[in-house]
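S.K.: Quick one: this structure, given as structure tokens, is what I'll be asking you about.
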Amino acid sequence: ITTPKLWMKAMLILSLFHNEMLMLIYFERYSGVWLIFFLLGLGTLLPWNFFITATVYFTSRLKDASLFNSSANQTEMGGDQHNILQSKFNNVMTLCAMLPLLICTCLNSFLHTLISQRLRVMGSLLIIMLVFIVTAVLVKVPLEPLPFFSITMVKIVIINSFGAILQGSLFGMAGLLPASYTTPIMSGQGLAGTFAAFAMICAIASGSELHDAAFGYFITACFVIFLSIISYIVLPKLEFFQFYQDRNKKQKPNQENSVNLMTIWLLAFSVCFTFTVTIGTFPAITADTTSTIADGGSWDLYFIPVSCFLLFNLCDWAGRSLTAICMWPQKDSVLLPLAILCRLAFVPLFMLCNVQPRLHLPVFFHHDGFFIVFMIFFAFSNGYLASLCMCYGPKNVLPHEAETAGAIMAFFLCLGLASGAALSFLFRALV
């Protein structure tokens, strides 16, 4: 009688051990896929964030009169040219960034079924890395301002074109997995901004030369892209990811992979509106805010790098990352679009801070503390609400439509970026 009981106990122990081993293996695979998506998200935006961080370096190259011939007429003409190129750099950069970003994201949402995922992701990563290698080399190569300006704008178009394809492909891939797997992409993108802002502050603190700091930015970007390439090569080898890839291929293979936009229109509009408000305000208005603490010391030097860029990116990253453990409100709740609409209040709040120069509105919030508090809630709500929308979008459709839905959500994200960039000129003019 005792033998069967011992046998049953032994089998029970073995069963529990087996289940624990399965849970451990699942956790390792889960963590591995999560980490790879995080690195890919980081690789998507870190290069561009470093490019923006090095804006001062680019504009400094446009006023280098030593590269022109020494005759008086040429120097005078060169000086006028420098002023024009330098003053138009940010506007032209925004146009060269947002227009290709929007167009290529739109194309990716339609053409992703015709071009393999591997070609889209690997090809984009390799081209972006090549552009940054060229950018790092050109730091050491003297060029006249006009050719340098033209080459820089071509690089911006290339980076944002293939960055759009990469981003749309990543959100499409994440759409095939459980909803929480969009979070590491959003979190990685949030860390990219934080990393770039921290690098800018370190460069200011160290007193490094612009050329040296810029070279460091571009080499770091190349290294991160290389890590992203290695991560993507490893990803298909993980059984957890392969399971969902195979399931997507088996489900309704004869049905056209298309999505009825009506099923995700509210979430698509929500993520678009979120980034429209954010980019319309940050950094066009926020970066022109000046400290009211008249100490004339280091706080004036660090106020915008810390209170604007670093604080925004830290809180935005925290908001994006929170969706890994908390996803509230639910995707069908009216609270989600309501909370996103409420963010519109941040536009007048920042306008009434000490933004300089100003022509129309009075300064109502004088103390730096108001600006910092507004920035914390502004950035955190952007990261959290945008991440929720991107997580919920692919889960509002059938499993075989999830990849297309993810690509469509990425398009509306980029549409929000472009709309915000256009509105930023109007918002800034109203101050």
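Identifiers for the structure tokens are assigned positionally: chains receive A, B, ... in sequence, residues are indexed from 1 per chain, and ligands are indexed from 1 in the order shown.
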For segment 316-323 of chain A, please output as a VMD selection string all residues within 7 Å (counting only C-alpha atoms; exclusion window: fewer than 6 positions along the same chain).
M.R.: chain A and resid 183 186 to 187 190 to 191 379 to 384 387 to 388
S.K.: Quick one: residues within 8 Å of Tyr232 of chain A, only C-alpha atoms, excluding same-chain residues fewer than 5 positions away - as JSON, numbers by chain?
M.R.: {"A": [36, 40, 122]}
S.K.: Dump N, CA and C atoms for the selected residues as an mmCIF file, in the first residue's frame?
M.R.:
```cif
data_model
loop_
_atom_site.group_PDB
_atom_site.id
_atom_site.type_symbol
_atom_site.label_atom_id
_atom_site.label_comp_id
_atom_site.auth_asym_id
_atom_site.auth_seq_id
_atom_site.Cartn_x
_atom_site.Cartn_y
_atom_site.Cartn_z
ATOM 1 N N ILE A 36 15.525 42.387 -25.923
ATOM 2 C CA ILE A 36 15.855 42.644 -27.328
ATOM 3 C C ILE A 36 14.980 43.755 -27.895
ATOM 4 N N LEU A 40 16.200 47.321 -29.378
ATOM 5 C CA LEU A 40 15.784 47.775 -30.704
ATOM 6 C C LEU A 40 15.085 49.134 -30.616
ATOM 7 N N MET A 122 16.856 44.810 -40.840
ATOM 8 C CA MET A 122 18.311 44.740 -40.989
ATOM 9 C C MET A 122 18.817 45.799 -41.963
#
```
S.K.: Between A:Val134, A:Leu111, A:Ile340, A:Ile103, which residue has the minimum interatomic distance to Glu403 of chain A, considering only C-alpha atoms?
M.R.: A:Leu111
S.K.: Enumerate as number ranges by chain all residues of segment 59-260 of chain A assigned to helix (DSSP H, G or I) by DSSP on the backbone, naming them with the chain letters and numbers the document uses.
M.R.: A: 59-61, 65-67, 72-111, 117-138, 145-175, 179-206, 210-237, 239-250
S.K.: Which polymer residues have any atom within 9 Å of an atom of Ala221 of chain A, counting only C-alpha atoms, with same-chain residues fewer than 2 positions away left out, as a PyMOL selection string?
M.R.: chain A and resi 43+46-48+50+129+132+216-219+223-226
S.K.: Please, what distance in Å, to one decimal, runs between atom CA of Leu39 of chain A and atom CA of Thr194 of chain A?
M.R.: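 Computing the Euclidean distance for atom CA of Leu39 of chain A and atom CA of Thr194 of chain A yields 14.3 Å.
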S.K.: Find the spatial neighbours of Gly406 of chain A, counting only C-alpha atoms, within a cut-off of 8 Å - ignore same-chain residues fewer than 3 positions away - and output them as a PyMOL selection string.
M.R.: chain A and resi 168+171-175+390+393-394+402-403+409-410
S.K.: Report, in Å to a single decimal, how far apart atom CA of Val306 of chain A and atom CA of Phe58 of chain A are.
M.R.: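 Between atom CA of Phe58 of chain A and atom CA of Val306 of chain A the gap works out to 21.8 Å.
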S.K.: Taking only C-alpha atoms into account, name the residue in A:Cys414, A:Leu99, A:Leu238, A:Cys202 that is nearest to Ser31 of chain A.
M.R.: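 Using only C-alpha atoms, Ser31 of chain A sits closest to A:Leu238.
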S.K.: Between A:Ala179, A:Ile229, A:Ala199, A:Leu341, which one has atoms that come closest to Phe309 of chain A, using only C-alpha atoms?
M.R.: A:Ala199
S.K.: From the list A:Cys308, A:Leu335, A:Ala268, A:Leu301, which residue is nearest Ala386 of chain A when using only C-alpha atoms?
M.R.: A:Ala268
S.K.: So how many Å separate atom CA of Met375 of chain A and atom CA of Pro329 of chain A, to one decimal?
M.R.: 22.3 Å
S.K.: Just the residues within 10 Å of Asp332 of chain A, please, counting only C-alpha atoms, with nothing from its chain fewer than 4 positions along; format it as number ranges by chain.
M.R.: A: 266-267, 336-337, 392, 396
S.K.: Would you write out those residues with C-alpha atoms, as an mmCIF file, in the first residue's frame?
M.R.:
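The new file out.cif reads:
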```cif
data_model
loop_
_atom_site.group_PDB
_atom_site.id
_atom_site.type_symbol
_atom_site.label_atom_id
_atom_site.label_comp_id
_atom_site.auth_asym_id
_atom_site.auth_seq_id
_atom_site.Cartn_x
_atom_site.Cartn_y
_atom_site.Cartn_z
ATOM 1 C CA LEU A 266 -9.900 56.204 -31.511
ATOM 2 C CA LEU A 267 -6.559 54.815 -30.306
ATOM 3 C CA LEU A 336 -8.112 57.254 -21.815
ATOM 4 C CA PRO A 337 -9.143 59.724 -24.575
ATOM 5 C CA TYR A 392 -3.762 48.598 -27.028
ATOM 6 C CA ASN A 396 -8.186 45.709 -30.929
#
```
S.K.: Give me the residues near Thr135 of chain A as a list in words, where near means some atom within 9 Å (using only C-alpha atoms) and where sequence neighbours in that chain fewer than 4 positions away do not count.
M.R.: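 Here the answer would be Leu130, Val131, Val139, Thr152, Lys155, Phe215 and Phe218 of chain A.
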S.K.: With C-alpha atoms kept, could you save the residues just selected as a PDB file, in the first residue's frame?
M.R.:
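The result, stored in result-v3.pdb:
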```pdb
ATOM      1  CA  LEU A 130      26.615  53.621 -42.282  1.00  0.00           C
ATOM      2  CA  VAL A 131      25.275  57.195 -42.212  1.00  0.00           C
ATOM      3  CA  VAL A 139      33.803  65.603 -38.032  1.00  0.00           C
ATOM      4  CA  THR A 152      23.876  67.137 -43.447  1.00  0.00           C
ATOM      5  CA  LYS A 155      21.835  62.488 -44.031  1.00  0.00           C
ATOM      6  CA  PHE A 215      32.478  62.781 -32.467  1.00  0.00           C
ATOM      7  CA  PHE A 218      28.226  59.719 -33.343  1.00  0.00           C
TER       8      PHE A 218
END
```
